[in-house]
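Peer 1: Handing over upload36.csv, CSV, C-alpha atoms.
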```csv
chain,number,residue,atom,x,y,z
A,463,MET,CA,66.1,-48.3,-16.6
A,464,ASN,CA,68.2,-45.1,-16.3
A,465,VAL,CA,66.9,-41.6,-16.5
A,466,GLU,CA,69.3,-40.6,-19.2
A,467,ASN,CA,68.0,-43.3,-21.5
A,468,SER,CA,64.4,-42.3,-20.9
A,469,LYS,CA,65.3,-38.7,-21.6
A,470,ALA,CA,67.1,-39.7,-24.8
A,471,GLN,CA,64.1,-41.7,-25.9
A,472,MET,CA,61.8,-38.7,-25.4
A,473,ARG,CA,64.1,-36.5,-27.4
A,474,LYS,CA,64.5,-39.0,-30.2
A,475,GLY,CA,60.7,-39.3,-30.5
A,476,VAL,CA,60.3,-35.6,-31.3
A,477,LEU,CA,63.4,-35.3,-33.5
A,478,GLU,CA,61.6,-35.9,-36.8
A,479,TYR,CA,58.9,-33.4,-35.8
A,480,CYS,CA,61.6,-30.8,-34.9
A,481,ILE,CA,63.4,-31.3,-38.2
A,482,LEU,CA,60.2,-30.6,-40.2
A,483,SER,CA,59.3,-27.7,-38.0
A,484,ILE,CA,62.7,-26.1,-38.5
A,485,LEU,CA,62.5,-26.5,-42.2
A,486,SER,CA,59.0,-25.1,-42.4
A,487,GLY,CA,60.4,-21.8,-41.1
A,488,LYS,CA,63.3,-21.6,-43.6
A,489,SER,CA,65.2,-23.9,-46.0
A,490,ARG,CA,68.5,-24.8,-44.6
A,491,TYR,CA,71.8,-26.7,-44.8
A,492,ALA,CA,72.1,-29.8,-42.7
A,493,SER,CA,74.7,-28.2,-40.5
A,494,ASP,CA,72.3,-25.3,-39.8
A,495,ILE,CA,69.5,-27.7,-38.9
A,496,ILE,CA,72.0,-29.4,-36.5
A,497,LYS,CA,72.9,-26.1,-35.0
A,498,LYS,CA,69.3,-25.2,-34.2
A,499,LEU,CA,68.7,-28.7,-32.7
A,500,LYS,CA,71.8,-28.3,-30.6
A,501,GLU,CA,70.7,-24.9,-29.4
A,502,ALA,CA,67.4,-26.4,-28.3
A,503,LYS,CA,69.4,-29.3,-26.7
A,504,VAL,CA,67.3,-31.8,-28.6
A,505,ILE,CA,70.3,-33.4,-30.3
A,506,VAL,CA,73.7,-34.2,-28.9
A,507,VAL,CA,75.6,-35.8,-31.8
A,508,GLU,CA,75.3,-34.9,-35.4
A,509,GLY,CA,75.3,-38.5,-36.6
A,510,THR,CA,71.7,-38.9,-35.4
A,511,LEU,CA,70.5,-36.4,-38.0
A,512,TYR,CA,71.7,-37.9,-41.2
A,513,PRO,CA,69.7,-41.1,-41.3
A,514,LEU,CA,66.6,-39.1,-40.4
A,515,LEU,CA,67.1,-36.5,-43.1
A,516,THR,CA,67.7,-39.1,-45.7
A,517,ARG,CA,64.6,-41.1,-44.6
A,518,GLN,CA,62.4,-38.0,-44.7
A,519,LYS,CA,63.8,-37.1,-48.1
A,520,ASN,CA,63.0,-40.6,-49.4
A,521,ALA,CA,59.5,-40.3,-48.0
A,522,GLY,CA,59.0,-37.1,-50.0
A,523,LEU,CA,58.7,-34.9,-47.0
A,524,LEU,CA,61.9,-33.0,-47.8
A,525,SER,CA,63.8,-32.2,-50.9
A,526,TYR,CA,67.3,-30.9,-51.4
A,527,ARG,CA,69.5,-29.2,-54.0
A,528,TRP,CA,73.3,-29.2,-54.1
A,529,GLU,CA,75.0,-25.9,-53.4
A,530,GLU,CA,78.7,-25.4,-54.2
A,531,SER,CA,80.8,-24.3,-51.2
A,532,THR,CA,84.2,-22.7,-50.9
A,533,GLN,CA,84.6,-24.3,-47.5
A,534,GLY,CA,84.5,-27.8,-48.6
A,535,PRO,CA,82.5,-30.3,-50.7
A,536,PRO,CA,79.2,-29.3,-52.2
A,537,ARG,CA,76.4,-29.2,-49.5
A,538,LYS,CA,72.8,-30.3,-49.5
A,539,TYR,CA,70.4,-27.4,-49.1
A,540,TYR,CA,67.1,-28.9,-47.7
A,541,GLU,CA,63.6,-27.5,-48.0
A,542,ILE,CA,60.3,-28.9,-46.9
A,543,THR,CA,57.9,-30.2,-49.6
A,544,ASP,CA,54.1,-29.7,-49.7
A,545,LYS,CA,53.7,-33.2,-48.6
A,546,GLY,CA,56.0,-32.4,-45.7
A,547,LYS,CA,53.9,-29.4,-44.8
A,548,GLU,CA,50.8,-31.6,-44.6
A,549,PHE,CA,52.7,-34.1,-42.5
A,550,LEU,CA,53.9,-31.4,-40.2
A,551,LYS,CA,50.3,-30.0,-39.7
A,552,ASP,CA,49.3,-33.5,-38.7
A,553,LEU,CA,52.2,-33.8,-36.3
A,554,ASP,CA,51.4,-30.3,-34.9
A,555,THR,CA,47.9,-31.5,-34.0
A,556,SER,CA,49.2,-34.7,-32.6
A,557,TRP,CA,51.8,-32.8,-30.5
A,558,ASP,CA,49.2,-30.5,-29.0
A,559,GLU,CA,47.0,-33.4,-28.1
A,560,LEU,CA,49.9,-35.2,-26.5
A,561,VAL,CA,50.9,-32.2,-24.4
A,562,ASN,CA,47.3,-31.7,-23.3
A,563,ALA,CA,47.0,-35.4,-22.5
A,564,VAL,CA,50.1,-35.4,-20.4
A,565,GLN,CA,49.1,-32.2,-18.6
A,566,LEU,CA,45.8,-33.8,-17.8
A,567,ILE,CA,47.4,-36.8,-16.3
A,568,LYS,CA,49.8,-34.7,-14.2
A,569,VAL,CA,47.0,-32.6,-12.9
A,570,GLU,CA,44.6,-35.4,-12.2
A,571,LYS,CA,47.0,-37.9,-10.7
B,413,MET,CA,109.7,-35.8,-39.0
B,414,LYS,CA,106.6,-37.8,-39.6
B,415,LYS,CA,105.2,-39.4,-42.7
B,416,THR,CA,101.7,-38.4,-43.9
B,417,LEU,CA,99.1,-40.2,-46.0
B,418,SER,CA,96.9,-38.7,-48.6
B,419,ILE,CA,93.2,-39.4,-48.3
B,420,ASN,CA,90.2,-38.4,-50.3
B,421,LEU,CA,86.9,-37.6,-48.5
B,422,SER,CA,84.0,-36.6,-50.7
B,423,GLY,CA,86.4,-35.5,-53.5
B,424,MET,CA,88.6,-33.4,-51.2
B,425,VAL,CA,92.2,-34.3,-50.6
B,426,PHE,CA,93.7,-34.2,-47.1
B,427,ASN,CA,97.1,-35.0,-45.7
B,428,ILE,CA,96.7,-37.0,-42.6
B,429,ASP,CA,99.0,-38.5,-40.0
B,430,ASP,CA,99.5,-42.2,-39.9
B,431,ASP,CA,97.9,-42.8,-36.5
B,432,ALA,CA,95.1,-40.3,-37.2
B,433,TYR,CA,94.4,-42.3,-40.4
B,434,ARG,CA,94.0,-45.5,-38.5
B,435,GLU,CA,91.7,-43.9,-36.0
B,436,LEU,CA,89.6,-42.6,-38.9
B,437,GLN,CA,89.5,-45.9,-40.6
B,438,VAL,CA,88.3,-47.7,-37.5
B,439,TYR,CA,85.6,-45.1,-37.0
B,440,LEU,CA,84.4,-45.2,-40.6
B,441,SER,CA,84.2,-49.0,-40.5
B,442,GLN,CA,82.2,-48.9,-37.4
B,443,ILE,CA,79.8,-46.3,-38.8
B,444,GLU,CA,79.5,-48.3,-42.0
B,445,SER,CA,78.6,-51.4,-40.0
B,446,HIS,CA,76.1,-49.5,-37.9
B,447,PHE,CA,74.2,-48.3,-40.9
B,448,ALA,CA,74.6,-51.4,-42.9
B,449,ASP,CA,71.1,-52.6,-42.5
B,450,ALA,CA,69.5,-49.2,-43.4
B,451,GLU,CA,68.1,-49.0,-46.9
B,452,GLU,CA,69.7,-45.7,-47.5
B,453,SER,CA,73.0,-46.6,-46.0
B,454,LYS,CA,75.1,-45.4,-49.0
B,455,GLU,CA,73.5,-42.0,-48.8
B,456,ILE,CA,73.9,-41.7,-45.1
B,457,LEU,CA,77.5,-42.7,-45.3
B,458,ALA,CA,78.1,-40.2,-48.1
B,459,ASP,CA,76.6,-37.4,-46.0
B,460,ILE,CA,78.7,-38.3,-43.0
B,461,GLU,CA,81.8,-38.4,-45.2
B,462,ALA,CA,81.0,-35.0,-46.6
B,463,ARG,CA,80.5,-33.6,-43.1
B,464,ILE,CA,83.9,-35.0,-42.0
B,465,ALA,CA,85.5,-33.3,-45.0
B,466,GLU,CA,83.9,-30.0,-44.0
B,467,LEU,CA,85.1,-30.4,-40.4
B,468,PHE,CA,88.6,-31.3,-41.5
B,469,LYS,CA,88.7,-28.3,-43.8
B,470,GLU,CA,88.0,-26.0,-40.9
B,471,ARG,CA,91.0,-27.5,-39.1
B,472,ILE,CA,93.5,-26.9,-41.9
B,473,ASN,CA,95.4,-23.7,-42.6
B,474,ASP,CA,98.8,-22.6,-43.9
B,475,ALA,CA,100.4,-23.1,-40.5
B,476,LYS,CA,98.8,-26.5,-40.0
B,477,GLN,CA,98.5,-28.5,-43.2
B,478,VAL,CA,98.0,-32.0,-41.8
B,479,ILE,CA,95.1,-33.7,-40.0
B,480,VAL,CA,96.3,-35.1,-36.7
B,481,ILE,CA,94.8,-37.5,-34.3
B,482,LYS,CA,93.4,-34.8,-32.1
B,483,ASP,CA,91.4,-33.5,-35.1
B,484,VAL,CA,90.0,-37.0,-35.8
B,485,GLU,CA,89.0,-37.4,-32.2
B,486,GLU,CA,87.2,-34.0,-32.2
B,487,VAL,CA,85.4,-34.9,-35.4
B,488,ILE,CA,84.3,-38.2,-33.9
B,489,GLU,CA,83.0,-36.5,-30.9
B,490,ILE,CA,81.0,-34.1,-33.0
B,491,LEU,CA,79.5,-36.7,-35.2
B,492,GLY,CA,79.1,-39.2,-32.4
B,493,ARG,CA,80.2,-42.8,-31.9
B,494,PRO,CA,77.9,-45.5,-33.3
B,495,GLU,CA,76.5,-46.2,-29.8
B,496,GLU,CA,75.6,-42.6,-29.4
B,497,ILE,CA,74.0,-42.3,-32.7
B,498,GLY,CA,71.6,-44.9,-31.6
B,499,GLU,CA,68.9,-46.2,-34.0
B,500,SER,CA,70.3,-46.6,-37.5
B,501,GLY,CA,67.3,-45.2,-39.1
B,502,ASP,CA,65.3,-48.3,-40.0
B,503,SER,CA,61.6,-47.9,-39.9
B,504,SER,CA,60.5,-48.0,-36.3
B,505,GLY,CA,59.1,-51.1,-34.9
B,506,GLU,CA,61.1,-53.5,-37.0
B,507,SER,CA,63.6,-55.4,-35.0
B,508,LYS,CA,67.1,-55.4,-36.5
B,509,LYS,CA,68.0,-58.4,-38.6
B,510,GLU,CA,69.9,-61.1,-36.7
B,511,ARG,CA,73.1,-59.7,-38.1
B,512,PHE,CA,75.0,-59.0,-35.0
B,513,GLY,CA,73.9,-62.2,-33.6
B,514,PRO,CA,76.0,-64.5,-31.5
B,515,SER,CA,79.2,-65.8,-33.0
B,516,GLY,CA,79.0,-68.5,-35.5
B,517,TYR,CA,76.9,-66.6,-38.1
B,518,ARG,CA,78.8,-67.5,-41.2
B,519,ARG,CA,78.4,-66.8,-44.8
B,520,ILE,CA,80.5,-67.8,-47.7
B,521,TYR,CA,82.4,-65.0,-49.3
B,522,ARG,CA,85.4,-64.8,-51.6
B,523,ASP,CA,88.4,-63.6,-49.7
B,524,PRO,CA,90.1,-60.7,-51.6
B,525,ASP,CA,93.0,-60.6,-49.2
B,526,ASN,CA,94.2,-64.1,-49.8
B,527,ARG,CA,93.5,-64.6,-53.4
B,528,VAL,CA,95.5,-66.5,-56.0
B,529,LEU,CA,92.9,-66.0,-58.7
B,530,GLY,CA,89.5,-65.0,-57.4
B,531,GLY,CA,89.7,-65.8,-53.7
B,532,VAL,CA,87.3,-68.7,-54.1
B,533,CYS,CA,89.5,-71.2,-52.4
B,534,SER,CA,90.5,-69.0,-49.5
B,535,GLY,CA,86.8,-68.0,-49.1
B,536,MET,CA,85.8,-71.6,-48.9
B,537,GLY,CA,88.7,-72.4,-46.7
B,538,ALA,CA,87.6,-69.7,-44.3
B,539,TYR,CA,84.0,-71.0,-44.2
B,540,PHE,CA,84.9,-74.6,-43.7
B,541,ARG,CA,87.8,-73.8,-41.6
B,542,ILE,CA,90.4,-75.7,-43.7
B,543,ASP,CA,93.5,-74.6,-45.3
B,544,PRO,CA,92.8,-72.9,-48.7
B,545,ILE,CA,95.6,-75.0,-50.2
B,546,ILE,CA,93.6,-78.1,-49.7
B,547,VAL,CA,90.7,-76.5,-51.5
B,548,ARG,CA,93.0,-75.5,-54.3
B,549,ILE,CA,94.4,-79.0,-54.7
B,550,ILE,CA,90.9,-80.4,-54.9
B,551,PHE,CA,90.0,-78.0,-57.7
B,552,ILE,CA,93.2,-78.7,-59.6
B,553,ILE,CA,92.7,-82.4,-59.3
B,554,GLY,CA,89.1,-82.0,-60.3
B,555,THR,CA,90.2,-80.1,-63.4
B,556,LEU,CA,92.8,-82.6,-64.4
B,557,ILE,CA,90.6,-85.7,-63.9
B,558,GLY,CA,87.3,-84.3,-64.9
B,559,ILE,CA,88.5,-82.7,-68.1
B,560,GLY,CA,88.1,-79.2,-66.9
B,561,THR,CA,85.1,-79.8,-64.6
B,562,GLY,CA,87.0,-78.4,-61.7
B,563,LEU,CA,87.8,-75.2,-63.6
B,564,ILE,CA,84.1,-74.8,-64.6
B,565,ILE,CA,82.9,-75.3,-61.1
B,566,TYR,CA,85.6,-72.7,-59.9
B,567,LEU,CA,84.4,-70.2,-62.4
B,568,ILE,CA,80.8,-70.7,-61.4
B,569,LEU,CA,81.7,-70.2,-57.8
B,570,TRP,CA,83.8,-67.1,-58.7
B,571,ILE,CA,80.7,-65.6,-60.3
B,572,ALA,CA,78.2,-66.7,-57.7
B,573,ILE,CA,80.0,-66.0,-54.5
B,574,PRO,CA,80.3,-62.3,-53.6
B,575,GLU,CA,83.6,-60.8,-52.5
B,576,ALA,CA,83.9,-59.8,-48.9
B,577,LYS,CA,84.5,-56.1,-49.3
B,578,THR,CA,83.5,-54.5,-46.0
B,579,THR,CA,85.1,-55.4,-42.7
B,580,ALA,CA,81.8,-56.7,-41.4
B,581,GLN,CA,81.6,-59.1,-44.4
B,582,LYS,CA,85.1,-60.3,-43.7
B,583,LEU,CA,84.2,-61.0,-40.1
B,584,GLU,CA,81.1,-62.9,-41.2
B,585,MET,CA,83.3,-64.9,-43.6
B,586,LYS,CA,85.4,-66.1,-40.7
B,587,GLY,CA,82.4,-66.6,-38.5
B,588,GLU,CA,83.4,-64.0,-36.0
B,589,PRO,CA,80.7,-61.9,-34.3
B,590,VAL,CA,80.2,-58.6,-36.0
B,591,ASN,CA,80.3,-56.0,-33.2
B,592,ILE,CA,81.9,-52.7,-32.8
B,593,SER,CA,85.0,-53.9,-31.0
B,594,ASN,CA,85.7,-56.7,-33.5
B,595,ILE,CA,85.4,-54.4,-36.4
B,596,GLY,CA,87.9,-52.0,-34.8
B,597,LYS,CA,90.3,-54.9,-34.2
B,598,SER,CA,89.8,-56.2,-37.7
B,599,VAL,CA,90.6,-52.9,-39.3
B,600,LYS,CA,93.7,-52.4,-37.2
B,601,GLU,CA,94.9,-55.9,-38.2
B,602,GLU,CA,94.4,-55.2,-41.9
B,603,PHE,CA,96.2,-52.0,-41.6
B,604,ASN,CA,99.2,-53.6,-39.9
B,605,ARG,CA,99.2,-56.3,-42.6
B,606,VAL,CA,99.3,-53.8,-45.4
B,607,ARG,CA,102.1,-52.0,-43.6
B,608,LYS,CA,104.1,-55.2,-43.3
B,609,ASN,CA,103.6,-56.1,-46.9
B,610,MET,CA,104.8,-52.7,-47.9
B,611,ASN,CA,107.6,-52.6,-45.4
B,612,ILE,CA,106.6,-49.2,-44.0
```
So that I can check it, write out the structure of this file as structure tokens.
Peer 2:
Amino acid sequence: MNVENSKAQMRKGVLEYCILSILSGKSRYASDIIKKLKEAKVIVVEGTLYPLLTRQKNAGLLSYRWEESTQGPPRKYYEITDKGKEFLKDLDTSWDELVNAVQLIKVEK
Amino acid sequence: MKKTLSINLSGMVFNIDDDAYRELQVYLSQIESHFADAEESKEILADIEARIAELFKERINDAKQVIVIKDVEEVIEILGRPEEIGESGDSSGESKKERFGPSGYRRIYRDPDNRVLGGVCSGMGAYFRIDPIIVRIIFIIGTLIGIGTGLIIYLILWIAIPEAKTTAQKLEMKGEPVNISNIGKSVKEEFNRVRKNMNI
């Protein structure tokens, strides 16, 4: 049991939630999503993002379109779907409940 | 003066140094193996390749036209090594298939690197750990004696047995454990073998 592992686990748990949150604000390229996640220190390496994005897309929570780019190959431009927004609302509630629960435990220990 | 190789990532062409190429090859094989069990592995790999192309493009200009090993190392750090990427994206809760199990997990594949016709005999040789020549002789004798039976069986096997395309499959064919260091070793060996054959 090392603390870095546990921290990484916590971050990983909220990653999907964060991706949906970020996209609910504005549609973005994958590299922009990564930038936001890095700024918030939730993600360390970009490779973690791609499987999650693909899974969420396949679950219908996100959609993308291709955008041509002068700086390289065409890029995927992601946006959240209605289903994704519903999913996010659910996660929002769940997150609030979780935060409250943990607070309670910390206070009452 | 150094020699460069030409590679294609997501439809973009790059000139890359010999040693940088090897490093990239190893990395891509490891990543491919890491995501092999995920349903969407092709898509994930395509996304990663496209991102690598983007990152490479940023590192190329008129004064520096070739990707060098430092570039590859930087890109690997940005994208993350397989261990750092962690969970390969399978639905949570499911334990990974016993793919990276202890050594000895073998499957029959056709061996494309040692083929005379379809790689059937070398694939069988690898699985049963006998010299492919012995298998070939058996088939030839079977064909001569059995009025073509050997040939028919060979053709059936050619169709039925899949070719070992990825490095992980080639390791499985030989019954070696499929882990990150083995894949790295295997890719390097392949690279050296191709070089020898081409006398580079």
Peer 1: Return the neighbours of chain B among the residues of chain A, cut-off 7 Å, counting all atoms listed in the file, as a list in words.
Peer 2: Val507, Glu508, Gly509, Thr510, Tyr512, Pro513, Leu514, Thr516, Gln533, Gly534 and Pro535 of chain A
Peer 1: Name all residues at most 12 Å from segment 574-578 of chain B (count all atoms listed in the file; drop same-chain ones fewer than 3 positions away) and give them as a short mmCIF file (atom, residue, chain, number, x, y, z; two decimals) with C-alpha atoms, in the frame of the given file.
Peer 2:
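Listing of selection-v3.cif after writing:
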```cif
data_model
loop_
_atom_site.label_atom_id
_atom_site.label_comp_id
_atom_site.auth_asym_id
_atom_site.auth_seq_id
_atom_site.Cartn_x
_atom_site.Cartn_y
_atom_site.Cartn_z
CA GLN B 437 89.50 -45.90 -40.60
CA VAL B 438 88.30 -47.70 -37.50
CA LEU B 440 84.40 -45.20 -40.60
CA SER B 441 84.20 -49.00 -40.50
CA GLN B 442 82.20 -48.90 -37.40
CA ILE B 443 79.80 -46.30 -38.80
CA GLU B 444 79.50 -48.30 -42.00
CA SER B 445 78.60 -51.40 -40.00
CA ALA B 448 74.60 -51.40 -42.90
CA ARG B 519 78.40 -66.80 -44.80
CA ILE B 520 80.50 -67.80 -47.70
CA TYR B 521 82.40 -65.00 -49.30
CA ARG B 522 85.40 -64.80 -51.60
CA ASP B 523 88.40 -63.60 -49.70
CA PRO B 524 90.10 -60.70 -51.60
CA ASP B 525 93.00 -60.60 -49.20
CA ASN B 526 94.20 -64.10 -49.80
CA ARG B 527 93.50 -64.60 -53.40
CA GLY B 530 89.50 -65.00 -57.40
CA GLY B 531 89.70 -65.80 -53.70
CA VAL B 532 87.30 -68.70 -54.10
CA CYS B 533 89.50 -71.20 -52.40
CA SER B 534 90.50 -69.00 -49.50
CA GLY B 535 86.80 -68.00 -49.10
CA MET B 536 85.80 -71.60 -48.90
CA ALA B 538 87.60 -69.70 -44.30
CA ILE B 568 80.80 -70.70 -61.40
CA LEU B 569 81.70 -70.20 -57.80
CA TRP B 570 83.80 -67.10 -58.70
CA ILE B 571 80.70 -65.60 -60.30
CA GLN B 581 81.60 -59.10 -44.40
CA LYS B 582 85.10 -60.30 -43.70
CA LEU B 583 84.20 -61.00 -40.10
CA GLU B 584 81.10 -62.90 -41.20
CA MET B 585 83.30 -64.90 -43.60
CA LYS B 586 85.40 -66.10 -40.70
CA VAL B 590 80.20 -58.60 -36.00
CA ILE B 595 85.40 -54.40 -36.40
CA SER B 598 89.80 -56.20 -37.70
CA VAL B 599 90.60 -52.90 -39.30
CA GLU B 602 94.40 -55.20 -41.90
#
```
Peer 1: Do you have the atom CA of Val478 of chain B-atom CA of Ala580 of chain B distance handy?
Peer 2: 29.5 Å
